[in-house]
>>> print(open('coords13.txt').read())   # compact mmCIF, C-alpha atoms
# COMPACT_ATOMS: atom_id res chain seq x y z
CA THR D 58 3.02 1.65 -12.07
CA ILE D 59 1.53 0.67 -15.43
CA ILE D 60 1.18 4.33 -16.42
CA ASN D 61 4.80 4.96 -15.40
CA LEU D 62 5.95 2.01 -17.53
CA ARG D 63 3.95 3.25 -20.51
CA GLU D 64 5.38 6.76 -20.19
CA SER D 65 8.87 5.23 -20.02
CA GLY D 66 8.29 3.60 -23.41
CA ILE D 67 7.30 0.11 -22.26
CA ARG D 68 4.11 -1.22 -23.84
CA ASP D 69 4.28 -5.02 -23.34
CA ILE D 70 3.70 -5.98 -19.70
CA ILE D 71 3.51 -9.38 -18.01
CA ILE D 72 1.90 -9.55 -14.57
CA VAL D 73 2.48 -12.59 -12.37
CA VAL D 74 -0.69 -13.19 -10.34
CA HIS D 75 -1.84 -15.41 -7.49
CA HIS D 76 -3.70 -13.77 -4.56
CA LEU D 77 -6.94 -12.07 -5.70
CA LYS D 78 -5.97 -12.70 -9.32
CA GLU D 79 -9.58 -12.36 -10.47
CA LYS D 80 -9.84 -8.80 -9.12
CA ILE D 81 -6.53 -7.84 -10.72
CA THR D 82 -7.37 -9.24 -14.15
CA GLU D 83 -10.91 -7.82 -14.06
CA TYR D 84 -9.70 -4.33 -13.21
CA LEU D 85 -6.72 -4.12 -15.56
CA GLY D 86 -8.12 -6.21 -18.41
CA ASP D 87 -5.88 -6.58 -21.43
CA GLY D 88 -4.34 -3.17 -20.77
CA THR D 89 -6.11 -1.37 -23.63
CA LYS D 90 -7.56 1.32 -21.38
CA PHE D 91 -4.04 2.12 -20.15
CA GLY D 92 -2.46 2.10 -23.62
CA VAL D 93 -0.46 -1.10 -23.04
CA SER D 94 -0.75 -4.84 -23.68
CA ILE D 95 -0.99 -7.02 -20.55
CA THR D 96 -0.37 -10.76 -20.34
CA TYR D 97 -1.14 -12.66 -17.13
CA VAL D 98 0.85 -15.60 -15.79
CA GLU D 99 -0.20 -17.45 -12.65
CA GLN D 100 2.30 -18.55 -10.02
CA PRO D 101 0.54 -21.61 -8.52
CA ASP D 102 2.44 -21.57 -5.21
CA LEU D 103 4.01 -18.61 -3.45
CA LEU D 104 7.61 -19.79 -3.59
CA GLY D 105 9.38 -16.45 -3.92
CA THR D 106 10.13 -13.79 -6.50
CA GLY D 107 12.67 -15.99 -8.25
CA ASP D 108 10.07 -18.71 -8.70
CA ALA D 109 7.59 -16.12 -10.02
CA LEU D 110 10.10 -14.98 -12.62
CA LEU D 111 10.69 -18.55 -13.82
CA TYR D 112 7.04 -18.79 -14.87
CA VAL D 113 7.53 -16.05 -17.46
CA GLU D 114 10.70 -17.46 -19.04
CA LYS D 115 8.92 -18.72 -22.15
CA TYR D 116 7.74 -15.18 -22.90
CA LEU D 117 11.19 -13.62 -22.55
CA HIS D 118 13.54 -16.00 -24.34
CA GLY D 119 16.31 -14.00 -25.97
CA SER D 120 15.02 -10.70 -24.59
CA ASP D 121 16.25 -7.99 -22.28
CA PHE D 122 13.52 -7.00 -19.86
CA LEU D 123 12.71 -4.78 -16.90
CA MET D 124 11.25 -6.40 -13.79
CA LEU D 125 9.72 -4.68 -10.79
CA TYR D 126 7.75 -5.77 -7.76
CA GLY D 127 4.02 -5.12 -7.83
CA ASP D 128 3.85 -3.80 -4.25
CA LEU D 129 6.09 -0.80 -4.73
CA LEU D 130 5.43 2.71 -5.97
CA THR D 131 8.11 4.91 -7.49
CA HIS D 132 8.68 8.01 -9.58
CA LYS D 133 8.72 7.45 -13.35
CA ASP D 134 12.20 8.99 -13.64
CA ASN D 135 13.66 6.12 -11.60
CA ILE D 136 12.49 3.69 -14.28
CA THR D 137 13.79 5.78 -17.18
CA CYS D 138 17.11 6.16 -15.36
CA LEU D 139 17.57 2.39 -15.26
CA LEU D 140 16.65 2.04 -18.92
CA SER D 141 19.10 4.76 -19.91
CA GLU D 142 21.92 3.28 -17.84
CA TYR D 143 21.40 -0.19 -19.29
CA LYS D 144 21.75 1.14 -22.83
CA LYS D 145 25.08 2.79 -21.93
CA THR D 146 26.67 -0.14 -20.10
CA ASN D 147 27.85 -3.65 -20.89
CA ALA D 148 26.58 -4.96 -17.55
CA THR D 149 24.68 -8.24 -17.53
CA ALA D 150 22.13 -6.82 -15.12
CA ILE D 151 21.14 -3.58 -13.41
CA VAL D 152 19.77 -3.51 -9.86
CA ALA D 153 18.09 -0.46 -8.36
CA GLY D 154 19.04 0.47 -4.79
CA ILE D 155 17.59 2.89 -2.28
CA LYS D 156 19.03 4.29 0.97
CA VAL D 157 17.10 3.08 4.03
CA GLU D 158 17.45 3.33 7.80
CA ASP D 159 17.13 -0.41 8.46
CA VAL D 160 18.48 -2.59 5.67
CA SER D 161 17.60 -5.78 7.59
CA GLN D 162 14.04 -5.50 6.29
CA PHE D 163 15.26 -5.73 2.68
CA ALA D 164 18.06 -7.27 0.64
CA ALA D 165 21.28 -5.38 1.42
CA ILE D 166 23.56 -4.35 -1.45
CA ILE D 167 27.34 -4.09 -1.11
CA THR D 168 29.49 -2.67 -3.93
CA TYR D 169 33.17 -2.60 -4.87
CA ASP D 170 33.20 1.03 -5.94
CA GLY D 171 29.73 2.40 -5.36
CA LYS D 172 28.53 0.96 -8.66
CA LYS D 173 29.62 -2.63 -9.27
CA ILE D 174 27.79 -4.99 -6.91
CA SER D 175 29.88 -7.52 -4.97
CA LYS D 176 27.20 -8.93 -2.67
CA ILE D 177 23.45 -8.89 -2.31
CA ILE D 178 22.22 -10.38 0.96
CA GLU D 179 18.54 -11.12 1.58
CA LYS D 180 17.28 -9.71 4.92
CA PRO D 181 20.60 -9.75 6.82
CA VAL D 182 20.71 -9.76 10.61
CA LYS D 183 20.46 -6.19 11.84
CA GLY D 184 23.95 -4.66 12.15
CA SER D 185 25.68 -7.54 10.36
CA VAL D 186 26.41 -5.69 7.10
CA ASN D 187 28.12 -2.35 6.43
CA SER D 188 25.56 -0.97 4.02
CA ASN D 189 22.49 1.25 4.06
CA ILE D 190 21.55 0.51 0.43
CA ALA D 191 18.55 -1.80 0.02
CA ASN D 192 17.40 -3.66 -3.04
CA ALA D 193 14.57 -1.50 -4.42
CA GLY D 194 12.90 -4.30 -6.36
CA ILE D 195 13.51 -2.86 -9.85
CA TYR D 196 15.86 -4.70 -12.23
CA ILE D 197 16.94 -5.02 -15.83
CA PHE D 198 17.99 -8.52 -16.90
CA ASN D 199 18.73 -10.49 -20.01
CA ASP D 200 17.68 -14.12 -20.29
CA GLN D 201 20.85 -15.34 -18.55
CA ILE D 202 19.03 -14.79 -15.24
CA PHE D 203 16.92 -17.88 -15.87
CA ASP D 204 19.91 -20.26 -15.88
CA HIS D 205 21.07 -18.83 -12.56
CA LEU D 206 17.56 -19.12 -11.09
CA LYS D 207 17.33 -22.79 -12.06
CA SER D 208 20.56 -23.57 -10.22
CA THR D 209 19.58 -21.59 -7.10
CA SER D 210 18.79 -23.67 -4.01
CA ILE D 211 15.61 -23.21 -2.00
CA SER D 212 16.23 -20.77 0.86
CA GLU D 213 15.51 -21.28 4.55
CA ARG D 214 12.21 -19.49 3.94
CA GLY D 215 11.28 -22.19 1.43
CA GLU D 216 11.56 -19.83 -1.54
CA VAL D 217 13.60 -19.33 -4.69
CA GLU D 218 15.19 -16.01 -3.78
CA LEU D 219 15.93 -13.69 -6.69
CA PRO D 220 18.82 -11.99 -4.78
CA ASP D 221 20.44 -15.42 -4.40
CA ALA D 222 20.30 -15.91 -8.17
CA ILE D 223 21.82 -12.46 -8.71
CA GLN D 224 24.61 -13.39 -6.29
CA ARG D 225 25.28 -16.56 -8.32
CA MET D 226 25.50 -14.36 -11.41
CA ILE D 227 28.08 -12.14 -9.67
CA ASN D 228 30.05 -15.17 -8.43
CA ASP D 229 30.08 -16.42 -12.03
CA GLY D 230 31.98 -13.30 -13.07
CA LYS D 231 29.06 -11.37 -14.56
CA THR D 232 28.90 -7.61 -14.08
CA VAL D 233 25.87 -6.45 -12.09
CA ASN D 234 25.67 -2.70 -11.59
CA LEU D 235 23.86 -0.68 -8.93
CA ILE D 236 21.78 2.37 -9.79
CA GLU D 237 20.87 4.33 -6.66
CA LEU D 238 17.42 5.86 -7.00
CA LYS D 239 17.32 9.63 -6.57
CA LYS D 240 13.58 10.25 -6.54
CA TRP D 241 10.82 8.96 -4.30
CA TRP D 242 10.19 5.27 -3.79
CA ILE D 243 7.95 3.40 -1.38
CA ASP D 244 7.58 -0.28 -0.58
CA ILE D 245 3.92 -0.91 0.26
CA GLY D 246 4.53 -3.90 2.49
CA ARG D 247 2.97 -2.77 5.78
CA PRO D 248 -0.56 -1.53 6.52
CA TRP D 249 0.46 2.07 7.21
CA ASP D 250 2.37 2.23 3.91
CA ILE D 251 -1.05 2.53 2.23
CA LEU D 252 -1.45 5.95 3.84
CA GLU D 253 1.95 7.09 2.60
CA ALA D 254 1.23 5.84 -0.92
CA ASN D 255 -2.13 7.60 -0.87
CA LYS D 256 -0.40 10.83 0.16
CA ILE D 257 2.15 10.57 -2.64
CA ILE D 258 -0.55 10.02 -5.27
CA LEU D 259 -2.87 12.77 -4.04
CA GLU D 260 -0.05 15.31 -3.98
CA ARG D 261 0.32 14.82 -7.73
CA LYS D 262 -3.34 15.37 -8.63
CA SER D 263 -4.93 18.64 -9.72
CA HIS D 264 -8.18 20.29 -8.68
CA LYS D 265 -11.11 18.93 -10.73
CA ILE D 266 -14.86 19.07 -10.12
CA ASP D 267 -17.05 16.70 -12.15
CA GLY D 268 -19.65 16.03 -9.44
CA PHE D 269 -22.24 18.33 -7.86
CA VAL D 270 -21.24 20.79 -5.13
CA GLU D 271 -24.14 22.48 -3.33
CA ARG D 272 -24.09 26.12 -2.36
CA GLY D 273 -22.63 26.50 1.10
CA ALA D 274 -19.92 23.84 0.67
CA THR D 275 -16.28 24.98 0.90
CA LEU D 276 -13.36 23.47 -1.00
CA HIS D 277 -9.73 24.49 -0.39
CA GLY D 278 -6.70 23.31 -2.33
CA PRO D 279 -6.60 20.46 -4.87
CA VAL D 280 -9.85 18.53 -4.48
CA ILE D 281 -11.12 15.98 -7.01
CA ILE D 282 -14.88 15.39 -7.07
CA GLU D 283 -15.67 12.62 -9.54
CA LYS D 284 -18.79 12.27 -11.66
CA GLY D 285 -21.99 11.51 -9.75
CA ALA D 286 -20.57 12.54 -6.36
CA ILE D 287 -22.58 15.00 -4.23
CA ILE D 288 -21.02 17.48 -1.82
CA ARG D 289 -23.80 18.87 0.38
CA SER D 290 -24.11 22.25 2.06
CA GLY D 291 -21.87 22.86 5.06
CA VAL D 292 -19.21 20.39 3.92
CA TYR D 293 -15.64 21.70 4.36
CA ILE D 294 -12.91 19.94 2.35
CA ILE D 295 -9.20 20.73 2.50
CA GLY D 296 -7.16 19.12 -0.27
CA PRO D 297 -5.41 17.17 -1.44
CA ALA D 298 -8.51 14.98 -1.33
CA LEU D 299 -10.32 12.63 -3.69
CA ILE D 300 -14.07 11.98 -3.61
CA MET D 301 -14.83 9.16 -6.03
CA LYS D 302 -17.84 8.39 -8.22
CA ASN D 303 -21.31 8.58 -6.70
CA ALA D 304 -20.07 9.29 -3.16
CA ASP D 305 -22.42 11.37 -1.01
CA ILE D 306 -20.80 13.73 1.51
CA GLY D 307 -22.52 15.82 4.18
CA PRO D 308 -24.15 17.99 5.18
CA ASN D 309 -21.82 19.64 7.72
CA THR D 310 -18.91 17.23 7.26
CA PHE D 311 -15.18 18.01 7.58
CA ILE D 312 -12.84 16.24 5.13
CA ARG D 313 -9.19 16.95 5.95
CA PRO D 314 -6.10 16.60 3.73
CA TYR D 315 -4.90 13.32 2.23
CA THR D 316 -8.30 11.65 2.33
CA THR D 317 -9.61 9.34 -0.39
CA ILE D 318 -13.28 8.33 -0.26
CA GLY D 319 -14.29 5.43 -2.49
CA GLU D 320 -17.16 4.99 -4.91
CA ASN D 321 -20.74 4.92 -3.62
CA SER D 322 -19.62 5.79 -0.10
CA ARG D 323 -21.77 7.87 2.26
CA ILE D 324 -20.31 10.24 4.86
CA GLY D 325 -23.13 11.87 6.81
CA ASN D 326 -23.79 14.76 9.16
CA ALA D 327 -21.15 16.00 11.62
CA CYS D 328 -18.41 13.53 10.67
CA GLU D 329 -14.69 14.24 10.36
CA ILE D 330 -12.35 12.25 8.10
CA LYS D 331 -8.61 12.95 8.21
CA ASN D 332 -5.69 11.45 6.24
CA SER D 333 -7.54 8.20 5.55
CA VAL D 334 -8.36 5.80 2.74
CA LEU D 335 -11.97 4.63 2.53
CA PHE D 336 -12.73 2.00 -0.07
CA ASP D 337 -16.03 1.58 -1.93
CA ASN D 338 -19.48 1.45 -0.35
CA VAL D 339 -18.42 2.71 3.07
CA HIS D 340 -21.26 4.11 5.19
CA ILE D 341 -20.37 6.50 8.02
CA ALA D 342 -23.71 8.09 8.74
CA HIS D 343 -23.17 10.69 11.46
CA LEU D 344 -21.21 11.89 14.49
CA SER D 345 -18.10 9.82 13.76
CA TYR D 346 -14.35 10.50 13.52
CA VAL D 347 -11.93 8.63 11.26
CA GLY D 348 -8.25 9.61 11.47
CA ASP D 349 -5.14 8.11 9.83
CA SER D 350 -7.05 4.93 9.03
CA VAL D 351 -7.73 2.50 6.20
CA ILE D 352 -11.36 1.36 5.89
CA GLY D 353 -12.23 -1.59 3.64
CA SER D 354 -15.21 -1.97 1.34
CA ASN D 355 -18.82 -2.30 2.53
CA VAL D 356 -18.05 -1.08 6.05
CA ASN D 357 -20.87 0.44 8.12
CA PHE D 358 -20.14 2.62 11.16
CA GLY D 359 -22.81 3.15 13.78
CA ALA D 360 -23.31 6.71 15.01
CA GLY D 361 -20.50 8.00 17.20
CA THR D 362 -17.89 5.46 16.12
CA ILE D 363 -14.39 6.82 16.78
CA THR D 364 -11.03 5.68 15.42
CA ALA D 365 -8.50 7.00 17.94
CA ASN D 366 -5.19 7.94 16.34
CA LEU D 367 -3.08 9.26 19.24
CA ARG D 368 -1.86 7.51 22.37
CA LEU D 369 -2.56 9.14 25.72
CA ASP D 370 1.18 9.06 26.51
CA ASP D 371 2.01 10.51 23.06
CA LYS D 372 4.38 7.63 22.22
CA THR D 373 4.71 6.12 18.76
CA ILE D 374 2.11 3.54 17.83
CA LYS D 375 2.84 -0.17 17.52
CA MET D 376 0.98 -2.76 15.43
CA THR D 377 0.98 -6.54 15.44
CA ILE D 378 2.24 -7.81 12.08
CA LYS D 379 2.60 -11.56 11.53
CA GLY D 380 2.57 -12.11 15.29
CA GLN D 381 5.23 -9.51 16.09
CA ARG D 382 4.81 -6.07 17.66
CA ILE D 383 6.25 -3.55 15.22
CA ASP D 384 6.92 0.10 16.00
CA THR D 385 5.37 2.07 13.14
CA ARG D 386 7.37 5.15 14.18
CA ARG D 387 4.20 7.10 13.59
CA ARG D 388 2.86 9.32 16.35
CA LYS D 389 -0.59 9.32 14.76
CA LEU D 390 -2.14 6.16 13.37
CA GLY D 391 -5.72 4.96 13.48
CA ALA D 392 -7.44 1.66 12.67
CA PHE D 393 -7.21 -0.80 9.79
CA ILE D 394 -10.62 -2.26 9.08
CA GLY D 395 -11.37 -5.15 6.73
CA ASP D 396 -14.27 -5.53 4.33
CA ASN D 397 -17.87 -5.98 5.49
CA VAL D 398 -17.24 -4.80 9.06
CA LYS D 399 -20.01 -3.22 11.15
CA THR D 400 -19.80 -1.18 14.34
CA GLY D 401 -22.54 -0.29 16.80
CA ILE D 402 -23.13 3.17 18.20
CA ASN D 403 -20.28 4.71 20.21
CA ALA D 404 -17.79 1.98 19.34
CA MET D 405 -14.19 3.09 19.88
CA LEU D 406 -11.13 1.68 18.13
CA MET D 407 -7.76 2.40 19.73
CA PRO D 408 -4.66 3.38 17.69
CA GLY D 409 -3.15 0.72 15.45
CA VAL D 410 -5.81 -1.98 15.83
CA ILE D 411 -6.80 -4.29 12.99
CA ILE D 412 -10.41 -5.45 12.56
CA GLY D 413 -10.65 -8.56 10.38
CA ASN D 414 -13.08 -9.01 7.50
CA ASN D 415 -16.76 -9.71 8.23
CA SER D 416 -16.52 -8.83 11.93
CA ALA D 417 -18.89 -6.75 14.06
CA ILE D 418 -18.14 -4.48 17.01
CA GLY D 419 -21.06 -4.01 19.39
CA PRO D 420 -22.36 -0.73 20.85
CA GLY D 421 -20.07 1.00 23.32
CA VAL D 422 -17.21 -1.49 22.90
CA VAL D 423 -13.64 -0.19 23.19
CA ILE D 424 -11.20 -2.21 21.05
CA TYR D 425 -7.63 -2.31 22.37
CA LYS D 426 -6.46 -5.46 20.54
CA ASP D 427 -6.80 -6.81 17.02
CA VAL D 428 -10.06 -8.57 16.17
CA PRO D 429 -9.86 -11.71 13.98
CA PRO D 430 -12.08 -12.09 10.91
CA ASN D 431 -15.66 -13.32 11.35
CA THR D 432 -15.83 -12.24 15.01
CA LEU D 433 -18.61 -10.57 16.98
CA VAL D 434 -17.40 -8.43 19.90
CA LEU D 435 -19.98 -7.47 22.53
CA LYS D 436 -19.75 -5.61 25.81
CA LYS D 437 -21.10 -7.46 28.83
CA GLU D 438 -22.73 -5.29 31.47
CA ASP D 439 -24.59 -5.85 34.71
CA ILE D 440 -27.81 -3.86 34.59
CA VAL D 441 -29.25 -2.71 37.92
CA LEU D 442 -32.95 -1.81 38.11
CA LYS D 443 -34.22 0.19 41.10
CA GLU D 444 -37.46 1.83 41.97
CA TRP D 445 -37.51 5.46 40.86
CA LYS D 446 -39.90 8.25 41.68
CA LEU D 447 -39.84 11.76 40.35
CA LEU D 448 -39.88 14.47 42.97
>>> encode(input="coords13.txt", output="structure tokens")
Amino acid sequence: TIINLRESGIRDIIIVVHHLKEKITEYLGDGTKFGVSITYVEQPDLLGTGDALLYVEKYLHGSDFLMLYGDLLTHKDNITCLLSEYKKTNATAIVAGIKVEDVSQFAAIITYDGKKISKIIEKPVKGSVNSNIANAGIYIFNDQIFDHLKSTSISERGEVELPDAIQRMINDGKTVNLIELKKWWIDIGRPWDILEANKIILERKSHKIDGFVERGATLHGPVIIEKGAIIRSGVYIIGPALIMKNADIGPNTFIRPYTTIGENSRIGNACEIKNSVLFDNVHIAHLSYVGDSVIGSNVNFGAGTITANLRLDDKTIKMTIKGQRIDTRRRKLGAFIGDNVKTGINAMLMPGVIIGNNSAIGPGVVIYKDVPPNTLVLKKEDIVLKEWKLL
């Protein structure tokens, strides 16, 4: 997102932080390595996007500015399109919209004429609005937005809702125009969205080998091997795939398309990794399968650990998100494993399960339900001992 902003001509960036702010600020720094200048503002309490925006008012007094949500990924041309449209119009604000199947998961946008917005409704009841255009979370405002935010009441969710402030602006007679995005856009709000985002990014990378590839390894398609990584003999990689710094792969390992393997990770003999994201310091030593999964940092799989990614009845896979069973609409989906998780030999994780941080799955355990953080799961067996004589 930062690179897209820079390439669209934006150099001064403010990031509102809260959760894991230390990791964000440490990684991005002051923006120098990305060719931009980054300022950080902390939102003390998570009281909505409108509340977050109020904390940056003092930096934006008298300015026009572009705002976008940090958990979305979009094509650079969508950003430049908004900037171009704003320069050509006398609208007070521009709101990006995107066509979706279920607008109830977003803020629905209703227009007078396909361009001028009449209503913006935050997460409407399914079927209650005649619109399939969702708020895409990209805006251009001037500083008038702050006055409307300050007069916006707290919503039922206990938040200052930015769409409510935009609606107040419309009710006040201001012109707010819709720009419907024409190129790809993804909201990374659900666990499986990480896989889709990973796919989008990898499809836009080119083949590059900076690490060491032994004789006898096979690479097909766009594969990135970063500096210090080792690809051992017998490894078969089909791109797009990314093997990050100092990772050690093989021998005799199969890496299938849309796989990212993090720094200092070790994938050993006779393993198969398919369409998955593995973070740093993951250790999958041998005889394991990982499919359509997201594996956190410092995870260690015992030999023979399997992440199942297909139901026996071939139905779409459901996950439990915030206490509700959600149909992912994906036929293939594996496990989502937090940081510092360990599994024993022959552990099996059924499709769509979540394993919380710092948990351990014992040998031979089959996981059908989510495992909370800091939990040890063991299999209880009755062992029978009988006298035995060889013939």
>>> closest_residue(input="coords13.txt", among="D:Ile67, D:Val74, D:Ile243, D:Leu85", to="Gly154 in chain D", atoms="all atoms listed in the file")
D:Ile243
>>> atom_distance(input="coords13.txt", atom1="CA of Ile60 in chain D", atom2="CA of Pro297 in chain D")
20.8 Å
>>> residues_around(input="coords13.txt", residues="Arg247 in chain D", least_positions_apart="5", cutoff="12 Å", atoms="all atoms listed in the file", output="number ranges by chain")
D: 128-129, 162, 252-254, 351, 376-379, 383-385, 393, 409
>>> residues_around(input="coords13.txt", residues="Leu103 in chain D", least_positions_apart="5", cutoff="12 Å", atoms="all atoms listed in the file", output="list of chain:residue names")
D:Val73, D:Val74, D:His75, D:His76, D:Asp108, D:Ala109, D:Leu110, D:Tyr112, D:Arg214, D:Gly215, D:Glu216, D:Val217, D:Glu218
>>> closest_residue(input="coords13.txt", among="D:Thr82, D:Thr400, D:Thr137, D:Thr89", to="Ile236 in chain D", atoms="only C-alpha atoms")
D:Thr137
>>> closest_atom_pairs(input="coords13.txt", of="range 361-399 of chain D", to="range 421-432 of chain D", cutoff="12 Å", atoms="only C-alpha atoms", output="Markdown table")
| residue | atom | partner | partner_atom | distance |
| --- | --- | --- | --- | --- |
| D:Gly361 | CA | D:Gly421 | CA | 9.3 |
| D:Thr362 | CA | D:Gly421 | CA | 8.7 |
| D:Ile363 | CA | D:Val423 | CA | 9.5 |
| D:Thr364 | CA | D:Ile424 | CA | 9.7 |
| D:Ala365 | CA | D:Ile424 | CA | 10.1 |
| D:Arg368 | CA | D:Tyr425 | CA | 11.4 |
| D:Lys375 | CA | D:Lys426 | CA | 11.1 |
| D:Met376 | CA | D:Asp427 | CA | 8.9 |
| D:Thr377 | CA | D:Asp427 | CA | 7.9 |
| D:Ile378 | CA | D:Asp427 | CA | 10.4 |
| D:Lys379 | CA | D:Asp427 | CA | 11.9 |
| D:Gly380 | CA | D:Asp427 | CA | 10.9 |
| D:Arg382 | CA | D:Lys426 | CA | 11.6 |
| D:Gly391 | CA | D:Tyr425 | CA | 11.6 |
| D:Ala392 | CA | D:Asp427 | CA | 9.5 |
| D:Phe393 | CA | D:Asp427 | CA | 9.4 |
| D:Ile394 | CA | D:Val428 | CA | 9.5 |
| D:Gly395 | CA | D:Pro430 | CA | 8.1 |
| D:Asp396 | CA | D:Pro430 | CA | 9.5 |
| D:Asn397 | CA | D:Asn431 | CA | 9.6 |
| D:Val398 | CA | D:Asn431 | CA | 9.0 |
| D:Lys399 | CA | D:Thr432 | CA | 10.7 |
>>> closest_residue(input="coords13.txt", among="D:Ile227, D:Lys183, D:Phe198, D:Gly353", to="Thr168 in chain D", atoms="all atoms listed in the file")
D:Ile227
>>> closest_residue(input="coords13.txt", among="D:Ala360, D:Leu130, D:Ile177, D:Val270", to="Ile245 in chain D", atoms="only C-alpha atoms")
D:Leu130
>>> residues_around(input="coords13.txt", residues="Val280 in chain D", least_positions_apart="4", cutoff="6 Å", atoms="all atoms listed in the file", output="list in words")
His264, Gly296, Pro297, Ala298 and Leu299 of chain D
>>> residues_around(input="coords13.txt", residues="Lys173 in chain D", least_positions_apart="3", cutoff="7 Å", atoms="only C-alpha atoms", output="ChimeraX atom specification")
/D:168-170,232-235
>>> closest_residue(input="coords13.txt", among="D:Ile197, D:Leu390, D:Val113, D:Ile251", to="Thr146 in chain D", atoms="all atoms listed in the file")
D:Ile197
>>> residues_near_point(input="coords13.txt", point="(-1.3, -13.5, -15.8)", cutoff="7 Å", atoms="only C-alpha atoms", output="mmCIF file with C-alpha atoms, in the coordinates of the input")
data_model
loop_
_atom_site.group_PDB
_atom_site.id
_atom_site.type_symbol
_atom_site.label_atom_id
_atom_site.label_comp_id
_atom_site.auth_asym_id
_atom_site.auth_seq_id
_atom_site.Cartn_x
_atom_site.Cartn_y
_atom_site.Cartn_z
ATOM 1 C CA ILE D 71 3.510 -9.380 -18.010
ATOM 2 C CA ILE D 72 1.900 -9.550 -14.570
ATOM 3 C CA VAL D 73 2.480 -12.590 -12.370
ATOM 4 C CA VAL D 74 -0.690 -13.190 -10.340
ATOM 5 C CA THR D 96 -0.370 -10.760 -20.340
ATOM 6 C CA TYR D 97 -1.140 -12.660 -17.130
ATOM 7 C CA VAL D 98 0.850 -15.600 -15.790
ATOM 8 C CA GLU D 99 -0.200 -17.450 -12.650
#
>>> residues_near_point(input="coords13.txt", point="(18.4, -12.4, -4.5)", cutoff="8 Å", atoms="only C-alpha atoms", output="list in words")
Gly107, Ala164, Ile177, Ile178, Glu179, Glu218, Leu219, Pro220, Asp221, Ala222, Ile223 and Gln224 of chain D
>>> decode(input="coords13.txt", residues="range 403-418 of chain D", atoms="N, CA and C atoms", output="CSV table (one decimal), in the first residue's frame")
chain,number,residue,atom,x,y,z
D,403,ASN,N,2.4,-37.2,13.6
D,403,ASN,CA,1.1,-37.7,13.1
D,403,ASN,C,-0.1,-36.9,13.6
D,404,ALA,N,0.1,-35.7,14.0
D,404,ALA,CA,-1.1,-34.8,14.3
D,404,ALA,C,-1.8,-34.5,13.0
D,405,MET,N,-3.1,-34.4,13.1
D,405,MET,CA,-3.9,-34.1,11.9
D,405,MET,C,-4.9,-32.9,12.3
D,406,LEU,N,-4.9,-31.9,11.4
D,406,LEU,CA,-5.7,-30.7,11.6
D,406,LEU,C,-6.8,-30.7,10.5
D,407,MET,N,-8.0,-30.7,10.9
D,407,MET,CA,-9.1,-30.8,9.9
D,407,MET,C,-9.3,-29.4,9.2
D,408,PRO,N,-10.0,-29.4,8.1
D,408,PRO,CA,-10.2,-28.1,7.3
D,408,PRO,C,-10.8,-27.0,8.2
D,409,GLY,N,-10.2,-25.8,8.1
D,409,GLY,CA,-10.8,-24.6,8.7
D,409,GLY,C,-10.5,-24.4,10.1
D,410,VAL,N,-9.7,-25.3,10.8
D,410,VAL,CA,-9.5,-25.1,12.2
D,410,VAL,C,-8.5,-24.0,12.5
D,411,ILE,N,-8.7,-23.4,13.7
D,411,ILE,CA,-7.7,-22.4,14.2
D,411,ILE,C,-7.0,-22.9,15.4
D,412,ILE,N,-5.7,-22.8,15.4
D,412,ILE,CA,-4.9,-23.2,16.6
D,412,ILE,C,-4.3,-21.9,17.2
D,413,GLY,N,-4.7,-21.6,18.4
D,413,GLY,CA,-4.3,-20.4,19.0
D,413,GLY,C,-2.8,-20.3,19.4
D,414,ASN,N,-2.3,-19.2,19.6
D,414,ASN,CA,-0.9,-19.0,19.9
D,414,ASN,C,-0.4,-19.8,21.1
D,415,ASN,N,0.8,-20.3,21.0
D,415,ASN,CA,1.5,-20.9,22.2
D,415,ASN,C,0.8,-22.2,22.6
D,416,SER,N,0.1,-22.9,21.7
D,416,SER,CA,-0.6,-24.2,22.0
D,416,SER,C,0.3,-25.3,21.5
D,417,ALA,N,-0.1,-26.5,22.0
D,417,ALA,CA,0.6,-27.7,21.5
D,417,ALA,C,-0.4,-28.8,21.3
D,418,ILE,N,-0.2,-29.5,20.2
D,418,ILE,CA,-1.1,-30.6,19.8
D,418,ILE,C,-0.3,-31.9,19.9
